[in-house]
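What follows is a single structure, written as structure tokens, with notes after it.
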Amino acid sequence: MNKNIEVELKILLCKEEFEMLANSYGPLNFTTQVNVYYDTPCHYLKRNNMAMRIRTIANIHLFTLKIKSEEGLIEHECELMTNSIDALDDIRVQELINTLHIPNSFNVLGSLSTRRSTIDTEFAELCFDINEYNSVNDYEIEYEYKVDHDGILEFNKILNRIGKVYTKNSAPKIVRALCY
């Protein structure tokens, strides 16, 4: 099981702003990923600032458990054989669940589909996301740190191309998809 700390900034844009910024990077290649979200029947994960998903990109299924911390989101990840509730029986997932004392009964909460294109910058990974969930489409830019730096300053330099300034206006995808 891999473990890392995710530090990112994200902003929702209208379709026109999104397309203008995306076009400033030239033609982008988008891939589709599908996130399926899980929690216990009593919403233990949500109540304890955690989120669980399996993300499928092509034929790769990536389990992720995110835990909110002061440093950022602690992510526990491993590749699974499938994107299904049965995949949570994987020994690595079960060891993590037991270590964190999470009740071991899960439900599928919902899903979100993303068309994503990624640009690597000097300091971060810039993700252009077109998300679809519950008959809603939204347009999001994620700025995920690769190294420690003044991310807001750098992200604002990027957003300045379309006359925007970073404001925290984007809840996590799980929150938007599940109306948490």
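In the structure tokens, the first chain shown is A, the next is B, and so on; residue numbers restart at 1 for each chain, and ligands run from 1 in the order shown.
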List every residue of region 106-147 of chain A that has an atom at most 9 Å from any atom of region 41-54 of chain A, and for each one report the closest atom pair and its distance in Å to one decimal, counting only C-alpha atoms, with rows sorted by chain and then by increasing residue number, as CSV.
residue,atom,partner,partner_atom,distance
A:Phe106,CA,A:Pro41,CA,6.4
A:Asn107,CA,A:Pro41,CA,6.3
A:Ser111,CA,A:Arg53,CA,8.9
In region 14-168 of chain A, DSSP strand (DSSP E) residues written as a PDB file with C-alpha atoms, in the first residue's frame:
ATOM      1  CA  THR A  31      -8.594  10.403 -20.745  1.00  0.00           C
ATOM      2  CA  THR A  32     -11.681   9.190 -18.925  1.00  0.00           C
ATOM      3  CA  GLN A  33     -11.619   8.065 -15.339  1.00  0.00           C
ATOM      4  CA  VAL A  34     -14.525   6.805 -13.263  1.00  0.00           C
ATOM      5  CA  ASN A  35     -14.573   7.233  -9.491  1.00  0.00           C
ATOM      6  CA  VAL A  36     -16.840   4.971  -7.435  1.00  0.00           C
ATOM      7  CA  TYR A  37     -17.240   6.120  -3.825  1.00  0.00           C
ATOM      8  CA  TYR A  38     -17.779   3.930  -0.762  1.00  0.00           C
ATOM      9  CA  ASP A  39     -18.658   4.407   2.914  1.00  0.00           C
ATOM     10  CA  MET A  50     -12.123  10.231   5.323  1.00  0.00           C
ATOM     11  CA  ALA A  51     -13.132   9.310   1.800  1.00  0.00           C
ATOM     12  CA  MET A  52     -12.817   6.006  -0.046  1.00  0.00           C
ATOM     13  CA  ARG A  53     -12.941   5.423  -3.772  1.00  0.00           C
ATOM     14  CA  ILE A  54     -11.842   3.113  -6.527  1.00  0.00           C
ATOM     15  CA  ARG A  55     -10.823   5.013  -9.655  1.00  0.00           C
ATOM     16  CA  THR A  56     -10.744   3.252 -13.004  1.00  0.00           C
ATOM     17  CA  ILE A  57      -8.572   4.572 -15.832  1.00  0.00           C
ATOM     18  CA  ILE A  60      -6.402   0.055 -14.059  1.00  0.00           C
ATOM     19  CA  HIS A  61      -8.387   0.167 -10.802  1.00  0.00           C
ATOM     20  CA  LEU A  62      -6.804   2.314  -8.086  1.00  0.00           C
ATOM     21  CA  PHE A  63      -8.106   2.102  -4.515  1.00  0.00           C
ATOM     22  CA  THR A  64      -7.645   5.303  -2.491  1.00  0.00           C
ATOM     23  CA  LEU A  65      -8.471   6.084   1.120  1.00  0.00           C
ATOM     24  CA  LYS A  66      -8.021   9.787   1.882  1.00  0.00           C
ATOM     25  CA  ILE A  67      -7.693  11.077   5.435  1.00  0.00           C
ATOM     26  CA  LYS A  68      -7.786  14.802   6.153  1.00  0.00           C
ATOM     27  CA  LEU A  73      -4.742  14.739   2.557  1.00  0.00           C
ATOM     28  CA  ILE A  74      -3.015  11.513   3.531  1.00  0.00           C
ATOM     29  CA  GLU A  75      -3.638   9.060   0.709  1.00  0.00           C
ATOM     30  CA  HIS A  76      -3.338   5.302   0.998  1.00  0.00           C
ATOM     31  CA  GLU A  77      -3.376   3.727  -2.468  1.00  0.00           C
ATOM     32  CA  CYS A  78      -3.010   0.383  -4.179  1.00  0.00           C
ATOM     33  CA  GLU A  79      -4.008  -1.141  -7.473  1.00  0.00           C
ATOM     34  CA  LEU A  80      -6.907  -3.619  -7.404  1.00  0.00           C
ATOM     35  CA  ASN A 107     -21.950   0.472   0.510  1.00  0.00           C
ATOM     36  CA  VAL A 108     -21.523   2.038  -2.907  1.00  0.00           C
ATOM     37  CA  LEU A 109     -22.506   5.695  -2.518  1.00  0.00           C
ATOM     38  CA  GLY A 110     -22.273   6.868  -6.088  1.00  0.00           C
ATOM     39  CA  SER A 111     -19.909   7.690  -8.900  1.00  0.00           C
ATOM     40  CA  LEU A 112     -18.415  10.538 -10.860  1.00  0.00           C
ATOM     41  CA  SER A 113     -16.880  10.420 -14.333  1.00  0.00           C
ATOM     42  CA  THR A 114     -14.010  12.737 -15.249  1.00  0.00           C
ATOM     43  CA  ARG A 115     -12.391  13.567 -18.546  1.00  0.00           C
ATOM     44  CA  ARG A 116      -8.883  14.682 -17.501  1.00  0.00           C
ATOM     45  CA  SER A 117      -5.877  16.177 -19.211  1.00  0.00           C
ATOM     46  CA  THR A 118      -2.690  16.718 -17.221  1.00  0.00           C
ATOM     47  CA  ILE A 119       0.117  19.223 -17.767  1.00  0.00           C
ATOM     48  CA  ASP A 120       3.354  18.980 -15.774  1.00  0.00           C
ATOM     49  CA  ALA A 124       2.950  21.077  -9.860  1.00  0.00           C
ATOM     50  CA  GLU A 125       0.714  18.887 -11.922  1.00  0.00           C
ATOM     51  CA  LEU A 126      -2.051  20.919 -13.553  1.00  0.00           C
ATOM     52  CA  CYS A 127      -5.211  18.891 -14.205  1.00  0.00           C
ATOM     53  CA  PHE A 128      -8.012  20.012 -16.492  1.00  0.00           C
ATOM     54  CA  ASP A 129     -11.111  18.089 -15.355  1.00  0.00           C
ATOM     55  CA  ILE A 130     -14.528  17.911 -16.985  1.00  0.00           C
ATOM     56  CA  ASN A 131     -16.703  16.143 -14.404  1.00  0.00           C
ATOM     57  CA  GLU A 132     -20.098  14.520 -14.861  1.00  0.00           C
ATOM     58  CA  TYR A 133     -22.310  13.404 -11.974  1.00  0.00           C
ATOM     59  CA  VAL A 136     -24.366  17.866 -13.825  1.00  0.00           C
ATOM     60  CA  ASN A 137     -21.250  18.864 -15.764  1.00  0.00           C
ATOM     61  CA  ASP A 138     -18.612  21.035 -14.127  1.00  0.00           C
ATOM     62  CA  TYR A 139     -15.205  22.328 -15.139  1.00  0.00           C
ATOM     63  CA  GLU A 140     -12.381  22.208 -12.630  1.00  0.00           C
ATOM     64  CA  ILE A 141      -8.678  22.997 -12.604  1.00  0.00           C
ATOM     65  CA  GLU A 142      -6.569  21.176 -10.012  1.00  0.00           C
ATOM     66  CA  TYR A 143      -3.083  22.342  -9.104  1.00  0.00           C
ATOM     67  CA  GLU A 144      -1.378  19.445  -7.299  1.00  0.00           C
ATOM     68  CA  TYR A 145       1.968  20.240  -5.672  1.00  0.00           C
TER      69      TYR A 145
END
Can you pull out the residues contacting region 14-18 of chain A? Cut-off 7 Å, using only C-alpha atoms, and skip same-chain residues under 2 positions away; I want them as a PDB file with N, CA and C atoms, in the first residue's frame.
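Ended up saving to around-v4.pdb:
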ATOM      1  N   LEU A  12     -13.288  25.836  -9.570  1.00  0.00           N
ATOM      2  CA  LEU A  12     -14.301  25.602 -10.599  1.00  0.00           C
ATOM      3  C   LEU A  12     -14.356  26.820 -11.506  1.00  0.00           C
ATOM      4  N   MET A  20     -10.836  28.394 -22.500  1.00  0.00           N
ATOM      5  CA  MET A  20      -9.839  29.411 -22.818  1.00  0.00           C
ATOM      6  C   MET A  20      -8.494  29.048 -22.180  1.00  0.00           C
ATOM      7  N   LEU A  21      -8.516  28.625 -20.916  1.00  0.00           N
ATOM      8  CA  LEU A  21      -7.266  28.259 -20.242  1.00  0.00           C
ATOM      9  C   LEU A  21      -6.681  26.987 -20.852  1.00  0.00           C
ATOM     10  N   ALA A  22      -7.521  26.010 -21.097  1.00  0.00           N
ATOM     11  CA  ALA A  22      -7.046  24.763 -21.707  1.00  0.00           C
ATOM     12  C   ALA A  22      -6.412  25.044 -23.070  1.00  0.00           C
ATOM     13  N   TYR A 139     -16.519  22.125 -14.546  1.00  0.00           N
ATOM     14  CA  TYR A 139     -15.205  22.328 -15.139  1.00  0.00           C
ATOM     15  C   TYR A 139     -14.272  22.788 -14.038  1.00  0.00           C
ATOM     16  N   ILE A 162      -6.488  33.980 -17.900  1.00  0.00           N
ATOM     17  CA  ILE A 162      -7.906  34.200 -18.214  1.00  0.00           C
ATOM     18  C   ILE A 162      -8.520  35.245 -17.284  1.00  0.00           C
TER      19      ILE A 162
END
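When only C-alpha atoms are used to compute distances to Asp148 (chain A), the closest of the residues A:Phe123, A:Lys164, A:Ile174, A:Asn134 turns out to be A:Phe123.
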Would you please extract all alpha helix (DSSP H) residues from region 72-143 of chain A, as assigned by DSSP on the backbone, and give them as a PDB file with N, CA and C atoms, in the first residue's frame?
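And here's part.pdb as it stands now:
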ATOM      1  N   ILE A  91      -6.507  -8.137   0.527  1.00  0.00           N
ATOM      2  CA  ILE A  91      -5.800  -8.222   1.801  1.00  0.00           C
ATOM      3  C   ILE A  91      -5.165  -6.891   2.207  1.00  0.00           C
ATOM      4  N   ARG A  92      -4.652  -6.132   1.242  1.00  0.00           N
ATOM      5  CA  ARG A  92      -4.026  -4.834   1.564  1.00  0.00           C
ATOM      6  C   ARG A  92      -5.069  -3.838   2.062  1.00  0.00           C
ATOM      7  N   VAL A  93      -6.230  -3.842   1.445  1.00  0.00           N
ATOM      8  CA  VAL A  93      -7.315  -2.958   1.872  1.00  0.00           C
ATOM      9  C   VAL A  93      -7.796  -3.382   3.253  1.00  0.00           C
ATOM     10  N   GLN A  94      -7.955  -4.681   3.460  1.00  0.00           N
ATOM     11  CA  GLN A  94      -8.423  -5.183   4.758  1.00  0.00           C
ATOM     12  C   GLN A  94      -7.437  -4.857   5.880  1.00  0.00           C
ATOM     13  N   GLU A  95      -6.142  -4.974   5.615  1.00  0.00           N
ATOM     14  CA  GLU A  95      -5.137  -4.618   6.623  1.00  0.00           C
ATOM     15  C   GLU A  95      -5.230  -3.143   6.989  1.00  0.00           C
ATOM     16  N   LEU A  96      -5.415  -2.285   5.990  1.00  0.00           N
ATOM     17  CA  LEU A  96      -5.538  -0.847   6.243  1.00  0.00           C
ATOM     18  C   LEU A  96      -6.793  -0.553   7.058  1.00  0.00           C
ATOM     19  N   ILE A  97      -7.907  -1.147   6.666  1.00  0.00           N
ATOM     20  CA  ILE A  97      -9.173  -0.941   7.373  1.00  0.00           C
ATOM     21  C   ILE A  97      -9.047  -1.384   8.833  1.00  0.00           C
ATOM     22  N   ASN A  98      -8.423  -2.527   9.040  1.00  0.00           N
ATOM     23  CA  ASN A  98      -8.233  -3.028  10.412  1.00  0.00           C
ATOM     24  C   ASN A  98      -7.296  -2.135  11.209  1.00  0.00           C
ATOM     25  N   THR A  99      -6.208  -1.694  10.599  1.00  0.00           N
ATOM     26  CA  THR A  99      -5.248  -0.816  11.285  1.00  0.00           C
ATOM     27  C   THR A  99      -5.907   0.483  11.726  1.00  0.00           C
TER      28      THR A  99
END
Quiz item: With distances taken over only C-alpha atoms, which of A:His149, A:His101, A:Lys168, A:Lys157 is nearest to Ile11 (chain A)?
Solution: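 Of A:His149, A:His101, A:Lys168, A:Lys157, the one nearest Ile11 (chain A), counting only C-alpha atoms, is A:Lys168.
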Quiz item: Between A:Val175, A:Val165, A:Val147, A:Met1, which is the closest to Leu13 (chain A) once you count only C-alpha atoms?
Solution: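 Closest to Leu13 (chain A), using only C-alpha atoms: A:Val165.
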Quiz prompt | Å distance separating CA of Ile5 (chain A) from CA of Asp90 (chain A), one decimal place | solution =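 Answer for the CA of Ile5 (chain A) to CA of Asp90 (chain A) separation: 22.7 Å.
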Practice problem: Mind giving me the straight-line distance from CA of Ile158 (chain A) to CA of Glu70 (chain A) in Å, one decimal? | Solution: 25.9 Å
